[in-house]
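To keep things clear, I will list the structure first and then write my remarks on it.
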Amino acid sequence: MTRDGKSGVIRKSVWVQTPIERAFSVFVEQMETWWPPEHHIGAKPFASIFVEPRAGGRWYERAADGETCDWGRVLVWEPPHRVTFSWHLGVDWKFDPNLERASEVALRFTADGPSATLVELEHSKIERHGEGYEQLRELMDGPEAWARTLREYAVAANAGVSA
């Protein structure tokens, strides 16, 4: 628990009207199409976001000029059911390569029949970011962070799917 009595874990979820395989694929292979564009940490806006499809792979953004900026690493890779990332962006929004100071973002994809998927996000271990983590937690739990990101993801995941 944080000093204000709130859990250090953020949980968000969204239903998408698409099969689990597509839900997973849109999340990890098309991130730049739905990730809020102002949510970048590189010096320039991202043109692409990459998730290397394996445990130990990089999670990073690339600007149009080719400059890259790491966000984290893939900790768990179990398509189409689970992916977990280390989140190396601390309270200063700068990349810190130390895994011991990284939080974790876990996503679970659960099929609800052949054409719908529940996507559950859990951002945990935020206290690892050290001093100021409470403010980071509050920000990430707010309407413009994970909630918005999942809303944008749902629009992309549902696109092109016939009702």
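Identifiers for the structure tokens are assigned positionally: chains receive A, B, ... in sequence, residues are indexed from 1 per chain, and ligands are indexed from 1 in the order shown.
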At a cut-off of 9 Å, using only C-alpha atoms, what residues contact Glu152 (chain A)? Leave out same-chain residues fewer than 5 positions from it and give the result as an mmCIF file with C-alpha atoms, in the first residue's frame.
data_model
loop_
_atom_site.group_PDB
_atom_site.id
_atom_site.type_symbol
_atom_site.label_atom_id
_atom_site.label_comp_id
_atom_site.auth_asym_id
_atom_site.auth_seq_id
_atom_site.Cartn_x
_atom_site.Cartn_y
_atom_site.Cartn_z
ATOM 1 C CA THR A 33 -1.213 2.777 -34.694
ATOM 2 C CA TRP A 34 -3.011 3.244 -31.380
ATOM 3 C CA TRP A 35 -0.512 4.341 -28.706
ATOM 4 C CA PRO A 36 -1.219 8.010 -27.820
ATOM 5 C CA ALA A 147 -7.264 4.024 -19.307
ATOM 6 C CA ALA A 157 -8.478 -3.787 -32.306
#
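Going from CA of Ile126 (chain A) to CA of Phe109 (chain A) covers 22.1 Å.
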Exercise for the section: List every residue of region 57-158 of chain A that DSSP, applied to the backbone of this structure, places in strand (DSSP E), and write the result as a count of residues only. Expected result: 40
Practice task
Could you tell me, as JSON, numbers by chain, which residues of chain A DSSP assigns to helix (DSSP H, G or I) when given the backbone?
Solution key: {"A": [20, 21, 22, 23, 24, 25, 26, 27, 28, 29, 31, 32, 33, 34, 99, 100, 101, 126, 127, 128, 129, 133, 134, 135, 136, 137, 138, 139, 140, 141, 146, 147, 148, 149, 150, 151, 152, 153, 154, 155, 156, 157, 158]}
Next, the residues of the selection above should be written as a PDB file, in the first residue's frame with C-alpha atoms.
ATOM      1  CA  ILE A  20      -7.943 -13.406 -29.209  1.00  0.00           C
ATOM      2  CA  GLU A  21      -5.234 -13.897 -31.857  1.00  0.00           C
ATOM      3  CA  ARG A  22      -6.034 -10.542 -33.466  1.00  0.00           C
ATOM      4  CA  ALA A  23      -6.369  -8.832 -30.074  1.00  0.00           C
ATOM      5  CA  PHE A  24      -2.861  -9.964 -29.138  1.00  0.00           C
ATOM      6  CA  SER A  25      -1.412  -9.151 -32.557  1.00  0.00           C
ATOM      7  CA  VAL A  26      -2.812  -5.603 -32.631  1.00  0.00           C
ATOM      8  CA  PHE A  27      -1.389  -5.003 -29.171  1.00  0.00           C
ATOM      9  CA  VAL A  28       2.169  -6.170 -29.808  1.00  0.00           C
ATOM     10  CA  GLU A  29       2.589  -5.684 -33.584  1.00  0.00           C
ATOM     11  CA  MET A  31       1.316  -0.414 -31.188  1.00  0.00           C
ATOM     12  CA  GLU A  32       2.256   2.750 -33.082  1.00  0.00           C
ATOM     13  CA  THR A  33      -1.213   2.777 -34.694  1.00  0.00           C
ATOM     14  CA  TRP A  34      -3.011   3.244 -31.380  1.00  0.00           C
ATOM     15  CA  LEU A  99      15.761  -4.091 -13.869  1.00  0.00           C
ATOM     16  CA  GLU A 100      15.610  -3.768 -10.077  1.00  0.00           C
ATOM     17  CA  ARG A 101      14.192  -0.238 -10.527  1.00  0.00           C
ATOM     18  CA  ILE A 126       5.708   0.758  -9.209  1.00  0.00           C
ATOM     19  CA  GLU A 127       7.431   1.368  -5.877  1.00  0.00           C
ATOM     20  CA  ARG A 128      10.648   0.091  -7.477  1.00  0.00           C
ATOM     21  CA  HIS A 129      10.946   3.477  -9.213  1.00  0.00           C
ATOM     22  CA  TYR A 133       6.691   6.707  -7.236  1.00  0.00           C
ATOM     23  CA  GLU A 134       3.384   7.658  -5.588  1.00  0.00           C
ATOM     24  CA  GLN A 135       2.960  10.510  -8.061  1.00  0.00           C
ATOM     25  CA  LEU A 136       3.879   8.198 -10.934  1.00  0.00           C
ATOM     26  CA  ARG A 137       1.298   5.699  -9.720  1.00  0.00           C
ATOM     27  CA  GLU A 138      -1.397   8.396  -9.492  1.00  0.00           C
ATOM     28  CA  LEU A 139      -0.570   9.628 -12.985  1.00  0.00           C
ATOM     29  CA  MET A 140      -0.589   6.112 -14.487  1.00  0.00           C
ATOM     30  CA  ASP A 141      -3.931   5.381 -12.805  1.00  0.00           C
ATOM     31  CA  TRP A 146      -3.497   3.405 -19.063  1.00  0.00           C
ATOM     32  CA  ALA A 147      -7.264   4.024 -19.307  1.00  0.00           C
ATOM     33  CA  ARG A 148      -6.821   6.185 -22.414  1.00  0.00           C
ATOM     34  CA  THR A 149      -4.187   3.876 -23.874  1.00  0.00           C
ATOM     35  CA  LEU A 150      -6.544   0.893 -23.610  1.00  0.00           C
ATOM     36  CA  ARG A 151      -9.424   2.898 -25.119  1.00  0.00           C
ATOM     37  CA  GLU A 152      -7.224   3.779 -28.107  1.00  0.00           C
ATOM     38  CA  TYR A 153      -6.098   0.161 -28.373  1.00  0.00           C
ATOM     39  CA  ALA A 154      -9.730  -1.035 -28.391  1.00  0.00           C
ATOM     40  CA  VAL A 155     -10.583   1.271 -31.297  1.00  0.00           C
ATOM     41  CA  ALA A 156      -7.702  -0.196 -33.311  1.00  0.00           C
ATOM     42  CA  ALA A 157      -8.478  -3.787 -32.306  1.00  0.00           C
ATOM     43  CA  ASN A 158     -12.152  -3.385 -33.239  1.00  0.00           C
TER      44      ASN A 158
END
